[in-house]
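File shown: structure_3.cif. Contents: mmCIF, N, CA and C atoms.
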```cif
data_protein
#
loop_
_atom_site.label_atom_id
_atom_site.label_comp_id
_atom_site.auth_asym_id
_atom_site.auth_seq_id
_atom_site.Cartn_x
_atom_site.Cartn_y
_atom_site.Cartn_z
N MET A 129 105.32 88.35 78.73
CA MET A 129 104.90 87.31 79.66
C MET A 129 104.73 87.94 81.03
N ILE A 130 103.90 87.30 81.82
CA ILE A 130 103.53 87.81 83.13
C ILE A 130 103.79 86.72 84.17
N ALA A 131 104.30 87.15 85.32
CA ALA A 131 104.37 86.26 86.48
C ALA A 131 103.82 87.01 87.68
N LEU A 132 102.84 86.44 88.33
CA LEU A 132 102.38 86.94 89.61
C LEU A 132 103.05 86.04 90.63
N ILE A 133 104.01 86.59 91.37
CA ILE A 133 104.77 85.76 92.31
C ILE A 133 104.31 86.02 93.73
N GLN A 134 104.25 84.95 94.50
CA GLN A 134 103.87 85.03 95.90
C GLN A 134 104.90 84.29 96.73
N ARG A 135 105.42 84.97 97.75
CA ARG A 135 106.35 84.32 98.67
C ARG A 135 105.52 83.43 99.59
N VAL A 136 105.93 82.16 99.71
CA VAL A 136 105.15 81.19 100.47
C VAL A 136 106.01 80.42 101.45
N THR A 137 105.35 79.90 102.49
CA THR A 137 106.03 78.95 103.38
C THR A 137 105.82 77.53 102.89
N GLN A 138 104.73 77.33 102.13
CA GLN A 138 104.45 76.05 101.49
C GLN A 138 103.36 76.24 100.46
N ALA A 139 103.34 75.35 99.46
CA ALA A 139 102.32 75.44 98.41
C ALA A 139 102.23 74.11 97.69
N SER A 140 101.06 73.89 97.08
CA SER A 140 100.87 72.68 96.27
C SER A 140 99.84 72.98 95.19
N VAL A 141 99.86 72.13 94.16
CA VAL A 141 98.87 72.22 93.09
C VAL A 141 98.39 70.81 92.79
N ALA A 142 97.08 70.69 92.61
CA ALA A 142 96.47 69.38 92.36
C ALA A 142 95.49 69.48 91.21
N VAL A 143 95.31 68.36 90.54
CA VAL A 143 94.26 68.17 89.55
C VAL A 143 93.46 66.98 90.03
N GLY A 144 92.19 67.22 90.35
CA GLY A 144 91.39 66.17 90.97
C GLY A 144 92.02 65.79 92.30
N ASP A 145 92.21 64.51 92.52
CA ASP A 145 92.83 64.03 93.76
C ASP A 145 94.33 63.86 93.64
N GLN A 146 94.92 64.18 92.49
CA GLN A 146 96.36 63.98 92.26
C GLN A 146 97.13 65.28 92.50
N VAL A 147 98.06 65.24 93.47
CA VAL A 147 98.94 66.38 93.70
C VAL A 147 100.04 66.33 92.65
N LEU A 148 100.14 67.38 91.84
CA LEU A 148 101.14 67.45 90.78
C LEU A 148 102.46 68.01 91.27
N GLY A 149 102.41 68.93 92.21
CA GLY A 149 103.61 69.56 92.71
C GLY A 149 103.41 70.10 94.10
N ARG A 150 104.50 70.11 94.87
CA ARG A 150 104.47 70.60 96.25
C ARG A 150 105.83 71.19 96.57
N ILE A 151 105.84 72.37 97.21
CA ILE A 151 107.10 72.97 97.65
C ILE A 151 106.97 73.42 99.10
N GLY A 152 108.11 73.60 99.74
CA GLY A 152 108.19 74.25 101.04
C GLY A 152 108.42 75.73 100.81
N PRO A 153 109.26 76.37 101.61
CA PRO A 153 109.51 77.80 101.44
C PRO A 153 110.01 78.13 100.04
N GLY A 154 109.44 79.19 99.47
CA GLY A 154 109.85 79.60 98.13
C GLY A 154 108.84 80.51 97.49
N LEU A 155 108.64 80.33 96.18
CA LEU A 155 107.73 81.17 95.41
C LEU A 155 106.74 80.34 94.62
N VAL A 156 105.49 80.81 94.61
CA VAL A 156 104.51 80.36 93.63
C VAL A 156 104.53 81.41 92.53
N ALA A 157 104.67 80.96 91.29
CA ALA A 157 104.67 81.87 90.15
C ALA A 157 103.51 81.48 89.24
N LEU A 158 102.47 82.31 89.21
CA LEU A 158 101.37 82.13 88.27
C LEU A 158 101.84 82.77 86.97
N ILE A 159 101.83 82.01 85.88
CA ILE A 159 102.44 82.44 84.62
C ILE A 159 101.37 82.66 83.56
N GLY A 160 101.34 83.86 82.98
CA GLY A 160 100.45 84.18 81.89
C GLY A 160 101.24 84.52 80.64
N VAL A 161 100.72 84.09 79.49
CA VAL A 161 101.39 84.33 78.22
C VAL A 161 100.47 85.20 77.35
N GLU A 162 101.04 86.27 76.81
CA GLU A 162 100.29 87.17 75.97
C GLU A 162 100.69 87.00 74.50
N ARG A 163 99.83 87.46 73.61
CA ARG A 163 100.15 87.45 72.18
C ARG A 163 101.46 88.19 71.96
N GLY A 164 102.29 87.64 71.11
CA GLY A 164 103.56 88.29 70.79
C GLY A 164 104.71 87.87 71.68
N ASP A 165 104.43 87.19 72.78
CA ASP A 165 105.51 86.72 73.64
C ASP A 165 106.31 85.64 72.92
N GLY A 166 107.56 85.48 73.30
CA GLY A 166 108.42 84.49 72.66
C GLY A 166 109.42 83.90 73.63
N ASP A 167 110.33 83.11 73.10
CA ASP A 167 111.32 82.40 73.91
C ASP A 167 112.19 83.34 74.74
N ALA A 168 112.62 84.45 74.13
CA ALA A 168 113.48 85.39 74.86
C ALA A 168 112.73 85.99 76.05
N GLY A 169 111.44 86.23 75.89
CA GLY A 169 110.64 86.75 76.99
C GLY A 169 110.51 85.74 78.12
N ALA A 170 110.37 84.47 77.77
CA ALA A 170 110.31 83.42 78.80
C ALA A 170 111.61 83.40 79.60
N GLU A 171 112.72 83.55 78.91
CA GLU A 171 114.01 83.55 79.60
C GLU A 171 114.17 84.78 80.49
N ARG A 172 113.80 85.96 79.97
CA ARG A 172 113.89 87.18 80.78
C ARG A 172 112.99 87.11 82.00
N LEU A 173 111.77 86.59 81.81
CA LEU A 173 110.86 86.48 82.95
C LEU A 173 111.41 85.53 84.00
N LEU A 174 111.94 84.41 83.57
CA LEU A 174 112.52 83.46 84.53
C LEU A 174 113.65 84.12 85.32
N GLU A 175 114.53 84.84 84.65
CA GLU A 175 115.62 85.50 85.37
C GLU A 175 115.10 86.49 86.40
N ARG A 176 114.02 87.17 86.08
CA ARG A 176 113.42 88.09 87.06
C ARG A 176 112.84 87.31 88.24
N VAL A 177 112.13 86.22 87.96
CA VAL A 177 111.53 85.41 89.03
C VAL A 177 112.62 84.85 89.95
N LEU A 178 113.66 84.28 89.37
CA LEU A 178 114.72 83.67 90.18
C LEU A 178 115.55 84.70 90.94
N GLY A 179 115.68 85.90 90.37
CA GLY A 179 116.54 86.91 90.96
C GLY A 179 115.84 87.99 91.76
N TYR A 180 114.50 88.01 91.75
CA TYR A 180 113.76 89.06 92.45
C TYR A 180 113.95 88.92 93.95
N ARG A 181 114.35 90.00 94.59
CA ARG A 181 114.71 89.94 96.01
C ARG A 181 113.48 90.18 96.90
N VAL A 182 112.88 89.09 97.35
CA VAL A 182 111.66 89.17 98.17
C VAL A 182 111.80 88.44 99.50
N PHE A 183 112.98 87.90 99.78
CA PHE A 183 113.21 87.17 101.02
C PHE A 183 114.12 88.00 101.93
N ALA A 184 113.88 87.88 103.23
CA ALA A 184 114.58 88.70 104.22
C ALA A 184 116.04 88.31 104.37
N ASP A 185 116.87 89.35 104.55
CA ASP A 185 118.27 89.14 104.91
C ASP A 185 118.37 89.15 106.44
N ALA A 186 119.57 89.17 106.97
CA ALA A 186 119.78 89.13 108.42
C ALA A 186 119.16 90.33 109.14
N GLU A 187 119.00 91.45 108.42
CA GLU A 187 118.40 92.65 109.02
C GLU A 187 116.89 92.73 108.79
N GLY A 188 116.32 91.72 108.17
CA GLY A 188 114.89 91.69 107.94
C GLY A 188 114.44 92.42 106.69
N ARG A 189 115.38 92.89 105.86
CA ARG A 189 115.03 93.58 104.61
C ARG A 189 114.95 92.59 103.45
N MET A 190 114.09 92.89 102.49
CA MET A 190 113.94 92.00 101.33
C MET A 190 115.15 92.20 100.41
N ASN A 191 116.20 91.44 100.65
CA ASN A 191 117.44 91.54 99.88
C ASN A 191 117.90 90.21 99.33
N ARG A 192 117.13 89.16 99.53
CA ARG A 192 117.55 87.84 99.08
C ARG A 192 116.56 87.31 98.05
N SER A 193 117.09 86.61 97.05
CA SER A 193 116.28 86.06 95.98
C SER A 193 115.98 84.58 96.23
N LEU A 194 115.16 84.01 95.37
CA LEU A 194 114.88 82.58 95.43
C LEU A 194 116.17 81.79 95.28
N ARG A 195 117.05 82.23 94.38
CA ARG A 195 118.35 81.57 94.22
C ARG A 195 119.14 81.63 95.52
N ASP A 196 119.14 82.80 96.17
CA ASP A 196 119.93 82.99 97.39
C ASP A 196 119.51 82.03 98.50
N ILE A 197 118.20 81.79 98.60
CA ILE A 197 117.72 80.93 99.69
C ILE A 197 117.57 79.47 99.26
N ALA A 198 117.81 79.18 97.97
CA ALA A 198 117.63 77.83 97.42
C ALA A 198 116.22 77.31 97.71
N GLY A 199 115.23 78.19 97.54
CA GLY A 199 113.84 77.84 97.81
C GLY A 199 113.19 77.14 96.64
N GLY A 200 112.00 76.64 96.87
CA GLY A 200 111.24 75.95 95.83
C GLY A 200 110.51 76.93 94.93
N LEU A 201 110.26 76.49 93.70
CA LEU A 201 109.47 77.26 92.74
C LEU A 201 108.33 76.38 92.27
N LEU A 202 107.11 76.88 92.46
CA LEU A 202 105.92 76.21 91.95
C LEU A 202 105.36 77.08 90.83
N ALA A 203 105.54 76.64 89.59
CA ALA A 203 105.08 77.39 88.41
C ALA A 203 103.72 76.86 87.98
N VAL A 204 102.75 77.75 87.89
CA VAL A 204 101.38 77.38 87.57
C VAL A 204 100.91 78.21 86.38
N PRO A 205 100.52 77.56 85.28
CA PRO A 205 100.02 78.33 84.13
C PRO A 205 98.67 78.96 84.46
N GLN A 206 98.52 80.26 84.11
CA GLN A 206 97.26 80.94 84.39
C GLN A 206 96.98 81.98 83.32
N PHE A 207 96.23 81.55 82.31
CA PHE A 207 95.95 82.44 81.18
C PHE A 207 95.14 83.66 81.59
N THR A 208 94.41 83.61 82.69
CA THR A 208 93.58 84.75 83.08
C THR A 208 94.41 85.97 83.45
N LEU A 209 95.71 85.82 83.66
CA LEU A 209 96.55 86.99 83.93
C LEU A 209 96.62 87.91 82.72
N ALA A 210 96.36 87.39 81.54
CA ALA A 210 96.40 88.18 80.31
C ALA A 210 95.05 88.82 79.98
N ALA A 211 94.12 88.79 80.90
CA ALA A 211 92.77 89.32 80.65
C ALA A 211 92.78 90.84 80.54
N GLU A 212 91.85 91.35 79.72
CA GLU A 212 91.59 92.79 79.68
C GLU A 212 90.48 93.05 80.69
N THR A 213 90.74 93.94 81.63
CA THR A 213 89.77 94.19 82.69
C THR A 213 89.40 95.67 82.81
N GLY A 214 89.78 96.47 81.82
CA GLY A 214 89.60 97.91 81.91
C GLY A 214 88.17 98.40 81.76
N LYS A 215 87.32 97.61 81.12
CA LYS A 215 85.95 98.06 80.89
C LYS A 215 84.98 96.96 81.29
N GLY A 216 83.82 97.37 81.72
CA GLY A 216 82.74 96.43 81.99
C GLY A 216 83.00 95.54 83.19
N THR A 217 82.20 94.48 83.25
CA THR A 217 82.29 93.55 84.39
C THR A 217 82.60 92.12 83.96
N ARG A 218 83.05 91.98 82.73
CA ARG A 218 83.43 90.65 82.25
C ARG A 218 84.79 90.78 81.56
N PRO A 219 85.76 89.91 81.92
CA PRO A 219 87.08 90.02 81.30
C PRO A 219 87.06 89.59 79.84
N GLY A 220 87.98 90.16 79.07
CA GLY A 220 88.21 89.74 77.69
C GLY A 220 89.57 89.09 77.61
N PHE A 221 89.75 88.21 76.63
CA PHE A 221 91.00 87.46 76.54
C PHE A 221 91.68 87.57 75.18
N SER A 222 91.37 88.62 74.42
CA SER A 222 91.97 88.74 73.09
C SER A 222 93.47 89.00 73.15
N SER A 223 94.00 89.47 74.26
CA SER A 223 95.44 89.70 74.35
C SER A 223 96.21 88.47 74.82
N ALA A 224 95.50 87.42 75.23
CA ALA A 224 96.16 86.18 75.65
C ALA A 224 96.68 85.43 74.43
N ALA A 225 97.78 84.72 74.61
CA ALA A 225 98.33 83.90 73.53
C ALA A 225 97.37 82.77 73.21
N ALA A 226 97.43 82.28 71.98
CA ALA A 226 96.66 81.09 71.61
C ALA A 226 97.09 79.93 72.50
N PRO A 227 96.18 79.00 72.80
CA PRO A 227 96.51 77.92 73.73
C PRO A 227 97.78 77.14 73.38
N ASP A 228 98.00 76.82 72.11
CA ASP A 228 99.20 76.05 71.76
C ASP A 228 100.47 76.84 72.02
N GLU A 229 100.45 78.15 71.75
CA GLU A 229 101.62 78.99 72.02
C GLU A 229 101.79 79.22 73.51
N GLY A 230 100.71 79.38 74.24
CA GLY A 230 100.79 79.52 75.68
C GLY A 230 101.40 78.28 76.32
N ALA A 231 100.94 77.11 75.88
CA ALA A 231 101.48 75.85 76.42
C ALA A 231 102.96 75.72 76.09
N ARG A 232 103.34 76.09 74.86
CA ARG A 232 104.75 75.98 74.47
C ARG A 232 105.64 76.89 75.30
N LEU A 233 105.21 78.14 75.50
CA LEU A 233 106.04 79.08 76.25
C LEU A 233 106.05 78.76 77.75
N PHE A 234 104.95 78.25 78.28
CA PHE A 234 104.98 77.81 79.67
C PHE A 234 105.97 76.64 79.82
N ALA A 235 105.93 75.69 78.90
CA ALA A 235 106.87 74.56 78.93
C ALA A 235 108.31 75.05 78.81
N ARG A 236 108.54 76.05 77.98
CA ARG A 236 109.88 76.63 77.84
C ARG A 236 110.33 77.25 79.15
N PHE A 237 109.47 78.03 79.78
CA PHE A 237 109.77 78.64 81.08
C PHE A 237 110.16 77.56 82.09
N VAL A 238 109.38 76.49 82.15
CA VAL A 238 109.64 75.40 83.11
C VAL A 238 110.96 74.70 82.79
N ALA A 239 111.21 74.42 81.51
CA ALA A 239 112.46 73.74 81.14
C ALA A 239 113.67 74.58 81.53
N LEU A 240 113.60 75.88 81.26
CA LEU A 240 114.70 76.76 81.66
C LEU A 240 114.84 76.81 83.18
N ALA A 241 113.71 76.86 83.88
CA ALA A 241 113.75 76.89 85.34
C ALA A 241 114.42 75.64 85.89
N ARG A 242 114.06 74.49 85.35
CA ARG A 242 114.64 73.23 85.84
C ARG A 242 116.13 73.14 85.53
N ALA A 243 116.57 73.77 84.44
CA ALA A 243 117.99 73.75 84.10
C ALA A 243 118.80 74.70 84.98
N ARG A 244 118.14 75.70 85.56
CA ARG A 244 118.85 76.75 86.31
C ARG A 244 118.57 76.76 87.80
N HIS A 245 117.58 76.00 88.23
CA HIS A 245 117.18 76.08 89.64
C HIS A 245 116.51 74.78 90.06
N ALA A 246 116.69 74.42 91.29
CA ALA A 246 115.98 73.25 91.84
C ALA A 246 115.55 73.62 93.24
N PRO A 247 114.46 73.15 93.74
CA PRO A 247 113.45 72.34 93.06
C PRO A 247 112.44 73.18 92.30
N VAL A 248 111.90 72.62 91.23
CA VAL A 248 110.86 73.26 90.44
C VAL A 248 109.71 72.27 90.28
N GLU A 249 108.52 72.68 90.66
CA GLU A 249 107.31 71.88 90.50
C GLU A 249 106.35 72.68 89.63
N THR A 250 105.38 71.99 89.03
CA THR A 250 104.47 72.70 88.12
C THR A 250 103.03 72.22 88.23
N GLY A 251 102.16 73.07 87.73
CA GLY A 251 100.79 72.69 87.46
C GLY A 251 100.71 72.12 86.05
N ARG A 252 99.50 71.93 85.54
CA ARG A 252 99.30 71.36 84.20
C ARG A 252 98.54 72.36 83.35
N PHE A 253 99.11 72.71 82.22
CA PHE A 253 98.50 73.68 81.32
C PHE A 253 97.11 73.18 80.88
N GLY A 254 96.12 74.06 80.98
CA GLY A 254 94.77 73.76 80.52
C GLY A 254 93.92 72.95 81.48
N ALA A 255 94.49 72.54 82.61
CA ALA A 255 93.74 71.73 83.57
C ALA A 255 93.00 72.61 84.57
N ASP A 256 91.97 72.05 85.18
CA ASP A 256 91.27 72.70 86.28
C ASP A 256 92.06 72.35 87.54
N MET A 257 92.88 73.28 87.99
CA MET A 257 93.81 73.02 89.10
C MET A 257 93.29 73.64 90.39
N LYS A 258 93.71 73.06 91.47
CA LYS A 258 93.47 73.61 92.79
C LYS A 258 94.83 73.93 93.39
N VAL A 259 95.07 75.22 93.63
CA VAL A 259 96.34 75.67 94.17
C VAL A 259 96.12 76.02 95.64
N SER A 260 96.93 75.44 96.49
CA SER A 260 96.89 75.74 97.92
C SER A 260 98.22 76.36 98.30
N LEU A 261 98.16 77.44 99.10
CA LEU A 261 99.42 78.06 99.51
C LEU A 261 99.24 78.80 100.82
N VAL A 262 100.36 78.96 101.49
CA VAL A 262 100.41 79.82 102.66
C VAL A 262 101.29 80.99 102.26
N ASN A 263 100.66 82.13 101.97
CA ASN A 263 101.37 83.32 101.53
C ASN A 263 102.12 83.88 102.74
N ASP A 264 103.40 84.08 102.59
CA ASP A 264 104.27 84.54 103.66
C ASP A 264 104.41 86.05 103.60
N GLY A 265 103.82 86.75 104.53
CA GLY A 265 103.92 88.20 104.59
C GLY A 265 102.59 88.89 104.80
N PRO A 266 101.69 88.92 103.87
CA PRO A 266 101.76 88.40 102.50
C PRO A 266 102.69 89.26 101.63
N VAL A 267 103.39 88.58 100.74
CA VAL A 267 104.27 89.25 99.78
C VAL A 267 103.88 88.75 98.40
N THR A 268 103.40 89.67 97.55
CA THR A 268 102.95 89.34 96.20
C THR A 268 103.40 90.45 95.26
N PHE A 269 104.00 90.05 94.11
CA PHE A 269 104.46 91.02 93.12
C PHE A 269 104.04 90.58 91.72
N TRP A 270 103.75 91.59 90.87
CA TRP A 270 103.43 91.40 89.47
C TRP A 270 104.70 91.70 88.68
N LEU A 271 105.19 90.72 87.93
CA LEU A 271 106.35 90.92 87.05
C LEU A 271 105.88 90.73 85.62
N GLN A 272 106.32 91.60 84.74
CA GLN A 272 105.93 91.49 83.34
C GLN A 272 107.09 91.88 82.46
N VAL A 273 107.29 91.10 81.39
CA VAL A 273 108.28 91.44 80.38
C VAL A 273 107.53 91.56 79.06
N LYS A 274 107.81 92.63 78.35
CA LYS A 274 107.17 92.87 77.05
C LYS A 274 108.08 92.33 75.95
N PRO A 275 107.50 91.87 74.86
CA PRO A 275 108.31 91.39 73.73
C PRO A 275 109.22 92.50 73.20
N ARG A 276 110.44 92.12 72.84
CA ARG A 276 111.38 93.08 72.27
C ARG A 276 111.80 92.61 70.88
N GLY A 277 110.87 92.53 69.97
CA GLY A 277 111.19 92.14 68.60
C GLY A 277 111.85 90.79 68.51
N GLU A 278 111.28 89.82 69.22
CA GLU A 278 111.88 88.49 69.30
C GLU A 278 111.88 87.83 67.98
#
```
How does this structure look as structure tokens?
Amino acid sequence: MIALIQRVTQASVAVGDQVLGRIGPGLVALIGVERGDGDAGAERLLERVLGYRVFADAEGRMNRSLRDIAGGLLAVPQFTLAAETGKGTRPGFSSAAAPDEGARLFARFVALARARHAPVETGRFGADMKVSLVNDGPVTFWLQVKPRGE
């Protein structure tokens, strides 16, 4: 599984005119699911997202995690993170999980996040979403966990 995380001062996600989720300071996590990913990977990825130290401490160094600052998490499903981009000028998606499995693992990630952290807001799997954010820094990291014989 993949998470592209961005440190934000605020963010929201909408479908049409309906805002589905909104956070203040925290992280936007764009979540991609690849073939072969499973429940254990969703849990490992969540622990990395919640524990990744991207927020400043008293000395201005990135030593604090989302948990440490009790910030918001906006999780947005984004299958395009699983694209193959190594050749040509058009992405391929054969490494992305099937839609039903992607939806299931995104829902698992969100359920675990809500059980371990608050506040957690989300986008909608398969929807045409509009994500608005103010990237703080900018600070953006790619986190990926590979399946381990789940």
Counting only C-alpha atoms, find residues at most 12 Å from (91.7, 91.6, 73.3) (file frame) and give them as a PDB file with N, CA and C atoms, in the frame of the given file.
```pdb
ATOM      1  N   GLU A 162     101.040  86.270  76.810  1.00  0.00           N
ATOM      2  CA  GLU A 162     100.290  87.170  75.970  1.00  0.00           C
ATOM      3  C   GLU A 162     100.690  87.000  74.500  1.00  0.00           C
ATOM      4  N   ARG A 163      99.830  87.460  73.610  1.00  0.00           N
ATOM      5  CA  ARG A 163     100.150  87.450  72.180  1.00  0.00           C
ATOM      6  C   ARG A 163     101.460  88.190  71.960  1.00  0.00           C
ATOM      7  N   ALA A 210      96.360  87.390  81.540  1.00  0.00           N
ATOM      8  CA  ALA A 210      96.400  88.180  80.310  1.00  0.00           C
ATOM      9  C   ALA A 210      95.050  88.820  79.980  1.00  0.00           C
ATOM     10  N   ALA A 211      94.120  88.790  80.900  1.00  0.00           N
ATOM     11  CA  ALA A 211      92.770  89.320  80.650  1.00  0.00           C
ATOM     12  C   ALA A 211      92.780  90.840  80.540  1.00  0.00           C
ATOM     13  N   GLU A 212      91.850  91.350  79.720  1.00  0.00           N
ATOM     14  CA  GLU A 212      91.590  92.790  79.680  1.00  0.00           C
ATOM     15  C   GLU A 212      90.480  93.050  80.690  1.00  0.00           C
ATOM     16  N   THR A 213      90.740  93.940  81.630  1.00  0.00           N
ATOM     17  CA  THR A 213      89.770  94.190  82.690  1.00  0.00           C
ATOM     18  C   THR A 213      89.400  95.670  82.810  1.00  0.00           C
ATOM     19  N   GLY A 214      89.780  96.470  81.820  1.00  0.00           N
ATOM     20  CA  GLY A 214      89.600  97.910  81.910  1.00  0.00           C
ATOM     21  C   GLY A 214      88.170  98.400  81.760  1.00  0.00           C
ATOM     22  N   LYS A 215      87.320  97.610  81.120  1.00  0.00           N
ATOM     23  CA  LYS A 215      85.950  98.060  80.890  1.00  0.00           C
ATOM     24  C   LYS A 215      84.980  96.960  81.290  1.00  0.00           C
ATOM     25  N   PRO A 219      85.760  89.910  81.920  1.00  0.00           N
ATOM     26  CA  PRO A 219      87.080  90.020  81.300  1.00  0.00           C
ATOM     27  C   PRO A 219      87.060  89.590  79.840  1.00  0.00           C
ATOM     28  N   GLY A 220      87.980  90.160  79.070  1.00  0.00           N
ATOM     29  CA  GLY A 220      88.210  89.740  77.690  1.00  0.00           C
ATOM     30  C   GLY A 220      89.570  89.090  77.610  1.00  0.00           C
ATOM     31  N   PHE A 221      89.750  88.210  76.630  1.00  0.00           N
ATOM     32  CA  PHE A 221      91.000  87.460  76.540  1.00  0.00           C
ATOM     33  C   PHE A 221      91.680  87.570  75.180  1.00  0.00           C
ATOM     34  N   SER A 222      91.370  88.620  74.420  1.00  0.00           N
ATOM     35  CA  SER A 222      91.970  88.740  73.090  1.00  0.00           C
ATOM     36  C   SER A 222      93.470  89.000  73.150  1.00  0.00           C
ATOM     37  N   SER A 223      94.000  89.470  74.260  1.00  0.00           N
ATOM     38  CA  SER A 223      95.440  89.700  74.350  1.00  0.00           C
ATOM     39  C   SER A 223      96.210  88.470  74.820  1.00  0.00           C
ATOM     40  N   ALA A 224      95.500  87.420  75.230  1.00  0.00           N
ATOM     41  CA  ALA A 224      96.160  86.180  75.650  1.00  0.00           C
ATOM     42  C   ALA A 224      96.680  85.430  74.430  1.00  0.00           C
ATOM     43  N   ALA A 225      97.780  84.720  74.610  1.00  0.00           N
ATOM     44  CA  ALA A 225      98.330  83.900  73.530  1.00  0.00           C
ATOM     45  C   ALA A 225      97.370  82.770  73.210  1.00  0.00           C
ATOM     46  N   ALA A 226      97.430  82.280  71.980  1.00  0.00           N
ATOM     47  CA  ALA A 226      96.660  81.090  71.610  1.00  0.00           C
ATOM     48  C   ALA A 226      97.090  79.930  72.500  1.00  0.00           C
TER      49      ALA A 226
END
```
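Those residues of segment 177-261 of chain A that DSSP, working from the backbone, places in helix (DSSP H, G or I) are Val177, Leu178, Gly179, Leu194, Arg195, Asp196, Ile197, Phe207, Thr208, Leu209, Ala210, Pro227, Asp228, Glu229, Gly230, Ala231, Arg232, Leu233, Phe234, Ala235, Arg236, Phe237, Val238, Ala239, Leu240, Ala241, Arg242, Ala243 and Arg244 of chain A.
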For this session: Could you tell me how far atom CA of Phe253 of chain A lies from atom CA of Pro205 of chain A, in Å and to one decimal?
Result: 5.6 Å
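In this structure, atom N of Gly144 of chain A sits 26.1 Å away from atom C of Asp264 of chain A.
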Exercise. What do you get, as a PyMOL selection string, if you spell out every residue that the PyMOL selection byres ((chain A and resi 186-200) around 8) selects here?
Worked result: chain A and resi 150-157+177-185+201-203+245-249
Problem set entry | Residues matched by the PyMOL selection byres (((chain A and resi 132 and name CA) around 9) and name CA), written as a ChimeraX atom specification | /A:130-131,133-134,156-160,209,268-272
The PyMOL selection byres ((chain A and resi 237-240) around 8) - which residues does that actually catch in the file I just gave you? List them as an mmCIF file with N, CA and C atoms, in the coordinates of the input.
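Below is the file out-v4.cif, written as the result:
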```
data_model
loop_
_atom_site.group_PDB
_atom_site.id
_atom_site.type_symbol
_atom_site.label_atom_id
_atom_site.label_comp_id
_atom_site.auth_asym_id
_atom_site.auth_seq_id
_atom_site.Cartn_x
_atom_site.Cartn_y
_atom_site.Cartn_z
ATOM 1 N N ASP A 167 110.330 83.110 73.100
ATOM 2 C CA ASP A 167 111.320 82.400 73.910
ATOM 3 C C ASP A 167 112.190 83.340 74.740
ATOM 4 N N GLY A 169 111.440 86.230 75.890
ATOM 5 C CA GLY A 169 110.640 86.750 76.990
ATOM 6 C C GLY A 169 110.510 85.740 78.120
ATOM 7 N N ALA A 170 110.370 84.470 77.770
ATOM 8 C CA ALA A 170 110.310 83.420 78.800
ATOM 9 C C ALA A 170 111.610 83.400 79.600
ATOM 10 N N GLU A 171 112.720 83.550 78.910
ATOM 11 C CA GLU A 171 114.010 83.550 79.600
ATOM 12 C C GLU A 171 114.170 84.780 80.490
ATOM 13 N N LEU A 173 111.770 86.590 81.810
ATOM 14 C CA LEU A 173 110.860 86.480 82.950
ATOM 15 C C LEU A 173 111.410 85.530 84.000
ATOM 16 N N LEU A 174 111.940 84.410 83.570
ATOM 17 C CA LEU A 174 112.520 83.460 84.530
ATOM 18 C C LEU A 174 113.650 84.120 85.320
ATOM 19 N N ALA A 203 105.540 76.640 89.590
ATOM 20 C CA ALA A 203 105.080 77.390 88.410
ATOM 21 C C ALA A 203 103.720 76.860 87.980
ATOM 22 N N ALA A 231 100.940 77.110 75.880
ATOM 23 C CA ALA A 231 101.480 75.850 76.420
ATOM 24 C C ALA A 231 102.960 75.720 76.090
ATOM 25 N N ARG A 232 103.340 76.090 74.860
ATOM 26 C CA ARG A 232 104.750 75.980 74.470
ATOM 27 C C ARG A 232 105.640 76.890 75.300
ATOM 28 N N LEU A 233 105.210 78.140 75.500
ATOM 29 C CA LEU A 233 106.040 79.080 76.250
ATOM 30 C C LEU A 233 106.050 78.760 77.750
ATOM 31 N N PHE A 234 104.950 78.250 78.280
ATOM 32 C CA PHE A 234 104.980 77.810 79.670
ATOM 33 C C PHE A 234 105.970 76.640 79.820
ATOM 34 N N ALA A 235 105.930 75.690 78.900
ATOM 35 C CA ALA A 235 106.870 74.560 78.930
ATOM 36 C C ALA A 235 108.310 75.050 78.810
ATOM 37 N N ARG A 236 108.540 76.050 77.980
ATOM 38 C CA ARG A 236 109.880 76.630 77.840
ATOM 39 C C ARG A 236 110.330 77.250 79.150
ATOM 40 N N ALA A 241 113.710 76.860 83.880
ATOM 41 C CA ALA A 241 113.750 76.890 85.340
ATOM 42 C C ALA A 241 114.420 75.640 85.890
ATOM 43 N N ARG A 242 114.060 74.490 85.350
ATOM 44 C CA ARG A 242 114.640 73.230 85.840
ATOM 45 C C ARG A 242 116.130 73.140 85.530
ATOM 46 N N ALA A 243 116.570 73.770 84.440
ATOM 47 C CA ALA A 243 117.990 73.750 84.100
ATOM 48 C C ALA A 243 118.800 74.700 84.980
ATOM 49 N N ARG A 244 118.140 75.700 85.560
ATOM 50 C CA ARG A 244 118.850 76.750 86.310
ATOM 51 C C ARG A 244 118.570 76.760 87.800
ATOM 52 N N HIS A 245 117.580 76.000 88.230
ATOM 53 C CA HIS A 245 117.180 76.080 89.640
ATOM 54 C C HIS A 245 116.510 74.780 90.060
ATOM 55 N N VAL A 248 111.900 72.620 91.230
ATOM 56 C CA VAL A 248 110.860 73.260 90.440
ATOM 57 C C VAL A 248 109.710 72.270 90.280
ATOM 58 N N GLU A 249 108.520 72.680 90.660
ATOM 59 C CA GLU A 249 107.310 71.880 90.500
ATOM 60 C C GLU A 249 106.350 72.680 89.630
ATOM 61 N N THR A 250 105.380 71.990 89.030
ATOM 62 C CA THR A 250 104.470 72.700 88.120
ATOM 63 C C THR A 250 103.030 72.220 88.230
#
```
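Take atom CA of Asp165 of chain A and atom CA of Gln206 of chain A: the distance between them is 14.7 Å.
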For this session: Compare A:Arg276, A:Val267, A:Glu229, A:Phe207 by their minimum atom-to-atom distance to Gly254 of chain A, counting all atoms listed in the file, and give me the closest one.
Result: A:Phe207
Edge lengths and centre in Å to one decimal, as AutoDock Vina command-line options, is what I'm after for the box along x, y and z that holds all listed atoms of segment 202-213 of chain A once 3 Å is added on each side.
```
--center_x 98.3 --center_y 85.9 --center_z 86.1 --size_x 23.7 --size_y 25.5 --size_z 18.8
```
For this session: Using DSSP on the backbone coordinates, identify all residues within segment 149-254 of chain A classified as strand (DSSP E); present the result as an MDAnalysis selection string.
Result: chainID A and resid 149:151 154:160 183:184 190:192 200:205 248:250
